Amino acid sequence: MKRLKLQVFFILLYCFNCVHSMVLPMFLKRILYMIVNYHVGANTSIQNIKFFHFGKLRIGKNSIVNSGVYLDNRRGITIGDHVVIAHNSKIYTLGHDINDDVFVTKGKPVVLEDYVIVFANALIMPGVILKKGAVVLPGAVVSKDVEEMSVVGGNPAKEVKKRQYLHVNKQTKHYWFSL
């Protein structure tokens, strides 16, 4: 019975992701978000992305989540205001214990504070906090917290410099299509 319930859940999630990926104006997507208990702030744009769970997702105002992003919200993801997540980035909150006999799952929530920028193809691992103004360079694998205004890159991600100022006047654009 448990396997059947899990399979029904996966089918519903698959259908939700399919409907979300359709070309819908943001006001219709907001209705979908309310149905599945996502909290999405005003003037936030979410493109064709993949969700891993219902609920457990909070995104602030004036943020952008571009196409191809994976949001593994099984343990919870909080994204602040004025955040930009570039295409094909992945945020994971759950993995497996490689030292466990049955490969049990383990994870922690992920937090992206205000004014964070995550460039394309970055990986953010379970339990990471990207503090205010942090920048993750393309292709970086972030497995530890990133301090305020730090720019990190590489695998594993390491600080390469400090950010000088925040993008406080960024305008959020709502596109029906994005690449």
# chains A, B, ... in the order shown; residues from 1 in each chain; ligands from 1
>>> residues_around(residues="Leu166 of chain A", least_positions_apart="5", cutoff="9 Å", atoms="only C-alpha atoms", output="MDAnalysis selection string")
chainID A and resid 115:116 133 149
>>> select_by_dssp(residues="segment 24-63 of chain A", states="helix (DSSP H, G or I)", output="ChimeraX atom specification")
/A:26-35
>>> residues_around(residues="Ile59 of chain A", least_positions_apart="6", cutoff="10 Å", atoms="only C-alpha atoms", output="MDAnalysis selection string")
chainID A and resid 38:42 44:46 65 77:83 112:113
>>> write_last_selection(atoms="N, CA, C and O atoms", output="PDB file, in the first residue's frame")
ATOM      1  N   TYR A  38       3.100  26.476  -2.243  1.00  0.00           N
ATOM      2  CA  TYR A  38       4.347  27.202  -2.435  1.00  0.00           C
ATOM      3  C   TYR A  38       4.059  28.657  -2.110  1.00  0.00           C
ATOM      4  O   TYR A  38       3.016  29.185  -2.487  1.00  0.00           O
ATOM      5  N   HIS A  39       4.990  29.319  -1.466  1.00  0.00           N
ATOM      6  CA  HIS A  39       4.843  30.736  -1.152  1.00  0.00           C
ATOM      7  C   HIS A  39       5.796  31.511  -2.063  1.00  0.00           C
ATOM      8  O   HIS A  39       7.017  31.412  -1.905  1.00  0.00           O
ATOM      9  N   VAL A  40       5.231  32.254  -3.007  1.00  0.00           N
ATOM     10  CA  VAL A  40       6.021  32.980  -4.005  1.00  0.00           C
ATOM     11  C   VAL A  40       5.680  34.463  -3.904  1.00  0.00           C
ATOM     12  O   VAL A  40       4.526  34.845  -4.037  1.00  0.00           O
ATOM     13  N   GLY A  41       6.708  35.283  -3.681  1.00  0.00           N
ATOM     14  CA  GLY A  41       6.525  36.713  -3.494  1.00  0.00           C
ATOM     15  C   GLY A  41       6.137  37.450  -4.761  1.00  0.00           C
ATOM     16  O   GLY A  41       6.243  36.929  -5.875  1.00  0.00           O
ATOM     17  N   ALA A  42       5.719  38.681  -4.563  1.00  0.00           N
ATOM     18  CA  ALA A  42       5.289  39.545  -5.663  1.00  0.00           C
ATOM     19  C   ALA A  42       6.423  39.789  -6.643  1.00  0.00           C
ATOM     20  O   ALA A  42       7.585  39.884  -6.267  1.00  0.00           O
ATOM     21  N   THR A  44       7.915  37.972  -8.726  1.00  0.00           N
ATOM     22  CA  THR A  44       8.910  36.910  -8.908  1.00  0.00           C
ATOM     23  C   THR A  44       8.567  36.141 -10.167  1.00  0.00           C
ATOM     24  O   THR A  44       7.400  35.870 -10.448  1.00  0.00           O
ATOM     25  N   SER A  45       9.592  35.773 -10.935  1.00  0.00           N
ATOM     26  CA  SER A  45       9.401  35.053 -12.189  1.00  0.00           C
ATOM     27  C   SER A  45      10.032  33.666 -12.087  1.00  0.00           C
ATOM     28  O   SER A  45      11.215  33.545 -11.762  1.00  0.00           O
ATOM     29  N   ILE A  46       9.234  32.637 -12.341  1.00  0.00           N
ATOM     30  CA  ILE A  46       9.713  31.258 -12.321  1.00  0.00           C
ATOM     31  C   ILE A  46       9.437  30.653 -13.687  1.00  0.00           C
ATOM     32  O   ILE A  46       8.297  30.571 -14.121  1.00  0.00           O
ATOM     33  N   VAL A  65      13.892  32.677 -11.223  1.00  0.00           N
ATOM     34  CA  VAL A  65      14.383  31.301 -11.303  1.00  0.00           C
ATOM     35  C   VAL A  65      14.232  30.891 -12.769  1.00  0.00           C
ATOM     36  O   VAL A  65      13.120  30.749 -13.268  1.00  0.00           O
ATOM     37  N   ILE A  77      13.232  24.551   0.814  1.00  0.00           N
ATOM     38  CA  ILE A  77      14.100  25.567   0.209  1.00  0.00           C
ATOM     39  C   ILE A  77      13.480  26.929   0.500  1.00  0.00           C
ATOM     40  O   ILE A  77      12.288  27.137   0.259  1.00  0.00           O
ATOM     41  N   THR A  78      14.309  27.837   0.998  1.00  0.00           N
ATOM     42  CA  THR A  78      13.896  29.221   1.211  1.00  0.00           C
ATOM     43  C   THR A  78      14.801  30.098   0.353  1.00  0.00           C
ATOM     44  O   THR A  78      16.028  30.042   0.473  1.00  0.00           O
ATOM     45  N   ILE A  79      14.182  30.895  -0.505  1.00  0.00           N
ATOM     46  CA  ILE A  79      14.895  31.798  -1.397  1.00  0.00           C
ATOM     47  C   ILE A  79      14.422  33.211  -1.074  1.00  0.00           C
ATOM     48  O   ILE A  79      13.218  33.463  -1.045  1.00  0.00           O
ATOM     49  N   GLY A  80      15.346  34.110  -0.825  1.00  0.00           N
ATOM     50  CA  GLY A  80      15.015  35.460  -0.401  1.00  0.00           C
ATOM     51  C   GLY A  80      14.548  36.369  -1.524  1.00  0.00           C
ATOM     52  O   GLY A  80      14.195  35.928  -2.617  1.00  0.00           O
ATOM     53  N   ASP A  81      14.572  37.654  -1.243  1.00  0.00           N
ATOM     54  CA  ASP A  81      14.178  38.693  -2.189  1.00  0.00           C
ATOM     55  C   ASP A  81      15.350  39.027  -3.114  1.00  0.00           C
ATOM     56  O   ASP A  81      16.514  38.967  -2.713  1.00  0.00           O
ATOM     57  N   HIS A  82      15.024  39.402  -4.354  1.00  0.00           N
ATOM     58  CA  HIS A  82      16.007  39.873  -5.336  1.00  0.00           C
ATOM     59  C   HIS A  82      17.100  38.834  -5.625  1.00  0.00           C
ATOM     60  O   HIS A  82      18.260  39.175  -5.805  1.00  0.00           O
ATOM     61  N   VAL A  83      16.714  37.578  -5.670  1.00  0.00           N
ATOM     62  CA  VAL A  83      17.644  36.484  -5.944  1.00  0.00           C
ATOM     63  C   VAL A  83      17.547  36.112  -7.417  1.00  0.00           C
ATOM     64  O   VAL A  83      16.460  36.134  -7.995  1.00  0.00           O
ATOM     65  N   LEU A 112      18.786  30.474   0.534  1.00  0.00           N
ATOM     66  CA  LEU A 112      19.448  31.512  -0.252  1.00  0.00           C
ATOM     67  C   LEU A 112      18.905  32.835   0.258  1.00  0.00           C
ATOM     68  O   LEU A 112      17.716  33.133   0.061  1.00  0.00           O
ATOM     69  N   GLU A 113      19.722  33.611   0.936  1.00  0.00           N
ATOM     70  CA  GLU A 113      19.269  34.879   1.494  1.00  0.00           C
ATOM     71  C   GLU A 113      19.125  35.929   0.388  1.00  0.00           C
ATOM     72  O   GLU A 113      19.393  35.654  -0.782  1.00  0.00           O
TER      73      GLU A 113
END
>>> closest_residue(among="A:Gln164, A:Ala120, A:Asn66, A:Val110", to="Val146 of chain A", atoms="only C-alpha atoms")
A:Val110
>>> atom_distance(atom1="atom CA of Glu148 of chain A", atom2="atom CA of Ile117 of chain A")
11.7 Å
>>> atom_distance(atom1="atom CA of His96 of chain A", atom2="atom CA of Phe16 of chain A")
25.2 Å
>>> select_by_dssp(residues="segment 24-90 of chain A", states="strand (DSSP E or B)", output="PyMOL selection string")
chain A and resi 38-40+45-46+50-51+57-59+64-65+70-71+77-79+84-85+90
>>> closest_residue(among="A:Arg58, A:Val135, A:Lys5, A:Tyr14", to="Tyr33 of chain A", atoms="only C-alpha atoms")
A:Arg58
>>> residues_around(residues="segment 139-145 of chain A", least_positions_apart="4", cutoff="7 Å", atoms="only C-alpha atoms", output="ChimeraX atom specification")
/A:120-125,128-130,153-157
>>> residues_around(residues="segment 97-107 of chain A", least_positions_apart="5", cutoff="8 Å", atoms="only C-alpha atoms", output="CSV table (one decimal) with C-alpha atoms, in the first residue's frame")
chain,number,residue,atom,x,y,z
A,75,ARG,CA,13.5,19.0,2.9
A,126,PRO,CA,21.8,19.9,1.2
A,127,GLY,CA,22.1,22.1,4.3
>>> atom_distance(atom1="atom CA of Gly55 of chain A", atom2="atom CA of Thr93 of chain A")
13.5 Å
>>> residues_around(residues="Val152 of chain A", least_positions_apart="2", cutoff="7 Å", atoms="only C-alpha atoms", output="list in words")
Val135, Val136, Leu137, Ser150, Ala157, Lys158, Glu159 and Val160 of chain A
>>> write_last_selection(atoms="all heavy atoms", output="PDB file, in the first residue's frame")
ATOM      1  N   VAL A 135      27.583  35.171  -4.250  1.00  0.00           N
ATOM      2  CA  VAL A 135      27.551  34.873  -5.679  1.00  0.00           C
ATOM      3  C   VAL A 135      28.205  33.509  -5.888  1.00  0.00           C
ATOM      4  O   VAL A 135      29.303  33.263  -5.390  1.00  0.00           O
ATOM      5  CB  VAL A 135      28.307  35.936  -6.505  1.00  0.00           C
ATOM      6  CG1 VAL A 135      28.353  35.554  -7.983  1.00  0.00           C
ATOM      7  CG2 VAL A 135      27.676  37.305  -6.323  1.00  0.00           C
ATOM      8  N   VAL A 136      27.512  32.634  -6.651  1.00  0.00           N
ATOM      9  CA  VAL A 136      28.044  31.322  -6.999  1.00  0.00           C
ATOM     10  C   VAL A 136      28.340  31.343  -8.492  1.00  0.00           C
ATOM     11  O   VAL A 136      27.436  31.543  -9.308  1.00  0.00           O
ATOM     12  CB  VAL A 136      27.045  30.203  -6.651  1.00  0.00           C
ATOM     13  CG1 VAL A 136      27.590  28.846  -7.077  1.00  0.00           C
ATOM     14  CG2 VAL A 136      26.708  30.218  -5.158  1.00  0.00           C
ATOM     15  N   LEU A 137      29.604  31.151  -8.848  1.00  0.00           N
ATOM     16  CA  LEU A 137      30.024  31.211 -10.249  1.00  0.00           C
ATOM     17  C   LEU A 137      29.568  29.971 -11.022  1.00  0.00           C
ATOM     18  O   LEU A 137      29.256  28.943 -10.419  1.00  0.00           O
ATOM     19  CB  LEU A 137      31.551  31.369 -10.315  1.00  0.00           C
ATOM     20  CG  LEU A 137      32.081  32.685  -9.732  1.00  0.00           C
ATOM     21  CD1 LEU A 137      33.598  32.698  -9.741  1.00  0.00           C
ATOM     22  CD2 LEU A 137      31.524  33.882 -10.472  1.00  0.00           C
ATOM     23  N   SER A 150      30.362  37.121  -0.522  1.00  0.00           N
ATOM     24  CA  SER A 150      31.456  36.303  -1.046  1.00  0.00           C
ATOM     25  C   SER A 150      31.117  35.782  -2.429  1.00  0.00           C
ATOM     26  O   SER A 150      29.969  35.433  -2.715  1.00  0.00           O
ATOM     27  CB  SER A 150      31.728  35.115  -0.123  1.00  0.00           C
ATOM     28  OG  SER A 150      32.302  35.545   1.073  1.00  0.00           O
ATOM     29  N   ALA A 157      33.457  24.419  -4.134  1.00  0.00           N
ATOM     30  CA  ALA A 157      33.452  25.878  -4.234  1.00  0.00           C
ATOM     31  C   ALA A 157      34.315  26.505  -3.141  1.00  0.00           C
ATOM     32  O   ALA A 157      34.239  26.109  -1.979  1.00  0.00           O
ATOM     33  CB  ALA A 157      32.026  26.406  -4.140  1.00  0.00           C
ATOM     34  N   LYS A 158      35.124  27.471  -3.553  1.00  0.00           N
ATOM     35  CA  LYS A 158      35.964  28.234  -2.631  1.00  0.00           C
ATOM     36  C   LYS A 158      35.813  29.709  -2.950  1.00  0.00           C
ATOM     37  O   LYS A 158      35.566  30.082  -4.096  1.00  0.00           O
ATOM     38  CB  LYS A 158      37.425  27.813  -2.778  1.00  0.00           C
ATOM     39  CG  LYS A 158      37.676  26.387  -2.363  1.00  0.00           C
ATOM     40  CD  LYS A 158      39.126  26.024  -2.514  1.00  0.00           C
ATOM     41  CE  LYS A 158      39.276  24.565  -2.093  1.00  0.00           C
ATOM     42  NZ  LYS A 158      40.519  23.985  -2.462  1.00  0.00           N
ATOM     43  N   GLU A 159      36.021  30.544  -1.938  1.00  0.00           N
ATOM     44  CA  GLU A 159      35.914  31.983  -2.154  1.00  0.00           C
ATOM     45  C   GLU A 159      37.024  32.450  -3.081  1.00  0.00           C
ATOM     46  O   GLU A 159      38.192  32.121  -2.885  1.00  0.00           O
ATOM     47  CB  GLU A 159      35.996  32.733  -0.826  1.00  0.00           C
ATOM     48  CG  GLU A 159      35.795  34.227  -1.007  1.00  0.00           C
ATOM     49  CD  GLU A 159      35.746  34.985   0.302  1.00  0.00           C
ATOM     50  OE1 GLU A 159      34.966  34.599   1.191  1.00  0.00           O
ATOM     51  OE2 GLU A 159      36.506  35.967   0.417  1.00  0.00           O
ATOM     52  N   VAL A 160      36.633  33.233  -4.105  1.00  0.00           N
ATOM     53  CA  VAL A 160      37.623  33.790  -5.031  1.00  0.00           C
ATOM     54  C   VAL A 160      37.783  35.301  -4.844  1.00  0.00           C
ATOM     55  O   VAL A 160      38.818  35.856  -5.199  1.00  0.00           O
ATOM     56  CB  VAL A 160      37.291  33.454  -6.508  1.00  0.00           C
ATOM     57  CG1 VAL A 160      37.391  31.961  -6.738  1.00  0.00           C
ATOM     58  CG2 VAL A 160      35.924  33.967  -6.913  1.00  0.00           C
TER      59      VAL A 160
END
